[in-house]
Amino acid sequence: AGSSAGASLALNSAYTNDSIASIYFPREKKLLGSVDSSGNNLPNNYSIKGIGAMWGSLFSDKVIDTNYHAYPTILFKGDEDSGLPDSVGYFYGCTNYAPPIYAGVGIYSRLILQKTASVFYELPGANHPAYDDDFCMQNIACFFRNIMLGKPYSGRYTYYTPSCPQFSGEF
């Protein structure tokens with residue numbers, strides 16, 4: 001999970017491996033090498049169970065595919081975010097900053113299409129960042145807990161409505 005650039009890092013690193021990098025970022029892969037190694041000898045034997053993204057973006061919605069990877073994801077975004085599109089568009093609306101990116105409802109819609117648990121929060125009138133940290137962390141913790149319990153859920157919310165099925169006001 002992460003916010004802003006951290007959310008984009010969480011989303012993009014989850015969906016990028018060497019074969020994806022060869023398709024979408026061939027020049028960078030050739031220049032920098034494998035995305036699956038960082039030059040150290042630490043083990044990388046983990047699996048991603050879910051993603052938390054507070055106002056982040058993804059380079060393509062096509063990488064969300066149940067035949068490849070589709071991770072349960074909780075997303076937060078303001079509907080007046082000047083840097084990120086509501087669905088698909090350009091960073092800060094700049095067409096020179098290509099290719100287009102996917103954010104908010106664009107990612108959520110693709111996950112729902114792929115029948116993958118997803119929660120999307122959109123705060124009307126909010127920019128970047130949108131929600132406060134406590135609200136985001138409470139809902140992310142509940143979302144992740146339900147994934148671990150085998151009870152993932154989906155939904156689209158506005159304002160400060162808790163998405164957690166067991167929300168009691170305390171965690």
# chains A, B, ... in the order shown; residues from 1 in each chain; ligands from 1

call {"tool": "closest_atom_pairs", "arguments": {"of": "stretch 98-153 of chain A", "to": "stretch 162-166 of chain A", "cutoff": "7 Å", "atoms": "only C-alpha atoms", "output": "JSON lines"}}
result
{"residue": "A:Asn139", "atom": "CA", "partner": "A:Cys164", "partner_atom": "CA", "distance": 6.2}
{"residue": "A:Cys142", "atom": "CA", "partner": "A:Cys164", "partner_atom": "CA", "distance": 5.8}
{"residue": "A:Phe143", "atom": "CA", "partner": "A:Cys164", "partner_atom": "CA", "distance": 6.7}

call {"tool": "residues_around", "arguments": {"residues": "stretch 95-104 of chain A", "least_positions_apart": "5", "cutoff": "8 Å", "atoms": "only C-alpha atoms", "output": "list in words"}}
result
Trp55, Gly56, Ser57, Leu58, Phe59, Ser60, Asp61, Leu75, Phe76, Lys77, Leu84, Pro85, Asp86, Ser87, Val88, Gly89, Tyr90, Phe120 and Glu122 of chain A

call {"tool": "write_last_selection", "arguments": {"atoms": "C-alpha atoms", "output": "PDB file, in the first residue's frame"}}
result
ATOM      1  CA  TRP A  55      -4.528   8.436  -5.122  1.00  0.00           C
ATOM      2  CA  GLY A  56      -2.182   6.426  -7.347  1.00  0.00           C
ATOM      3  CA  SER A  57      -2.109   5.318 -10.990  1.00  0.00           C
ATOM      4  CA  LEU A  58      -1.284   2.321 -13.179  1.00  0.00           C
ATOM      5  CA  PHE A  59       0.406   2.337 -16.593  1.00  0.00           C
ATOM      6  CA  SER A  60      -2.245   0.100 -18.218  1.00  0.00           C
ATOM      7  CA  ASP A  61      -5.493  -1.522 -17.158  1.00  0.00           C
ATOM      8  CA  LEU A  75      -8.451   2.614  -3.973  1.00  0.00           C
ATOM      9  CA  PHE A  76      -8.950   6.171  -2.717  1.00  0.00           C
ATOM     10  CA  LYS A  77      -9.182   9.299  -4.910  1.00  0.00           C
ATOM     11  CA  LEU A  84      -4.576  12.119 -11.993  1.00  0.00           C
ATOM     12  CA  PRO A  85      -7.432  11.389 -14.386  1.00  0.00           C
ATOM     13  CA  ASP A  86     -10.732  10.118 -13.019  1.00  0.00           C
ATOM     14  CA  SER A  87     -10.433   6.993 -15.182  1.00  0.00           C
ATOM     15  CA  VAL A  88      -7.879   7.163 -17.997  1.00  0.00           C
ATOM     16  CA  GLY A  89      -5.931  10.172 -19.185  1.00  0.00           C
ATOM     17  CA  TYR A  90      -2.668  12.002 -18.846  1.00  0.00           C
ATOM     18  CA  PHE A 120     -13.186   2.363  -4.615  1.00  0.00           C
ATOM     19  CA  GLU A 122     -14.061   8.853  -4.305  1.00  0.00           C
TER      20      GLU A 122
END

call {"tool": "select_by_dssp", "arguments": {"residues": "stretch 89-150 of chain A", "states": "helix (DSSP H, G or I)", "output": "ChimeraX atom specification"}}
result
/A:91-93,105-113,133-148

call {"tool": "write_last_selection", "arguments": {"atoms": "C-alpha atoms", "output": "short mmCIF file (atom, residue, chain, number, x, y, z; two decimals), in the first residue's frame"}}
result
data_model
loop_
_atom_site.label_atom_id
_atom_site.label_comp_id
_atom_site.auth_asym_id
_atom_site.auth_seq_id
_atom_site.Cartn_x
_atom_site.Cartn_y
_atom_site.Cartn_z
CA PHE A 91 -0.66 13.00 -15.81
CA TYR A 92 -1.74 16.58 -15.01
CA GLY A 93 -3.65 16.53 -18.32
CA VAL A 105 -12.62 4.30 -11.41
CA GLY A 106 -10.55 3.07 -14.39
CA ILE A 107 -8.68 0.60 -12.19
CA TYR A 108 -11.77 -0.25 -10.13
CA SER A 109 -13.87 -0.96 -13.24
CA ARG A 110 -11.23 -3.28 -14.69
CA LEU A 111 -10.98 -5.21 -11.41
CA ILE A 112 -14.75 -5.59 -11.23
CA LEU A 113 -14.81 -6.72 -14.87
CA ASP A 133 -4.76 8.82 6.89
CA ASP A 134 -6.81 7.38 9.76
CA PHE A 135 -9.83 6.70 7.56
CA CYS A 136 -7.70 5.16 4.82
CA MET A 137 -5.71 2.96 7.22
CA GLN A 138 -8.83 1.69 9.03
CA ASN A 139 -10.47 0.68 5.76
CA ILE A 140 -7.27 -0.74 4.23
CA ALA A 141 -6.65 -2.82 7.39
CA CYS A 142 -10.19 -4.18 7.29
CA PHE A 143 -9.97 -4.91 3.55
CA PHE A 144 -6.65 -6.77 3.99
CA ARG A 145 -7.97 -8.64 7.05
CA ASN A 146 -10.96 -9.85 5.05
CA ILE A 147 -8.67 -10.98 2.22
CA MET A 148 -6.64 -13.03 4.71
#

call {"tool": "closest_residue", "arguments": {"among": "A:Thr161, A:Asn12, A:Thr73, A:Gln114", "to": "A:Gly52", "atoms": "only C-alpha atoms"}}
result
A:Thr73

call {"tool": "closest_atom_pairs", "arguments": {"of": "stretch 55-128 of chain A", "to": "stretch 15-30 of chain A", "cutoff": "8 Å", "atoms": "only C-alpha atoms", "output": "tab-separated table"}}
result
residue	atom	partner	partner_atom	distance
A:Val63	CA	A:Tyr15	CA	6.3
A:Ile64	CA	A:Tyr15	CA	7.4
A:His69	CA	A:Tyr15	CA	7.0

call {"tool": "write_last_selection", "arguments": {"atoms": "C-alpha atoms", "output": "short mmCIF file (atom, residue, chain, number, x, y, z; two decimals), in the first residue's frame"}}
result
data_model
loop_
_atom_site.label_atom_id
_atom_site.label_comp_id
_atom_site.auth_asym_id
_atom_site.auth_seq_id
_atom_site.Cartn_x
_atom_site.Cartn_y
_atom_site.Cartn_z
CA VAL A 63 -2.29 -5.94 -17.08
CA ILE A 64 -5.20 -6.58 -14.69
CA HIS A 69 -2.67 -11.24 -12.24
#

call {"tool": "closest_residue", "arguments": {"among": "A:Cys94, A:Ala70, A:Val35, A:Ala53", "to": "A:Ala10", "atoms": "only C-alpha atoms"}}
result
A:Ala53

call {"tool": "select_by_dssp", "arguments": {"residues": "stretch 41-155 of chain A", "states": "strand (DSSP E or B)", "output": "MDAnalysis selection string"}}
result
chainID A and resid 51:54 57:58 65 69 73:78 88:89 101:103 118:123 155

call {"tool": "closest_residue", "arguments": {"among": "A:Asp36, A:Thr158, A:Pro129, A:Gly150", "to": "A:Gly2", "atoms": "only C-alpha atoms"}}
result
A:Pro129

call {"tool": "closest_residue", "arguments": {"among": "A:Thr116, A:Ser47, A:Ser82, A:Ser8", "to": "A:Lys151", "atoms": "only C-alpha atoms"}}
result
A:Thr116

call {"tool": "atom_distance", "arguments": {"atom1": "atom CA of A:Lys49", "atom2": "atom CA of A:Ser34"}}
result
22.7 Å
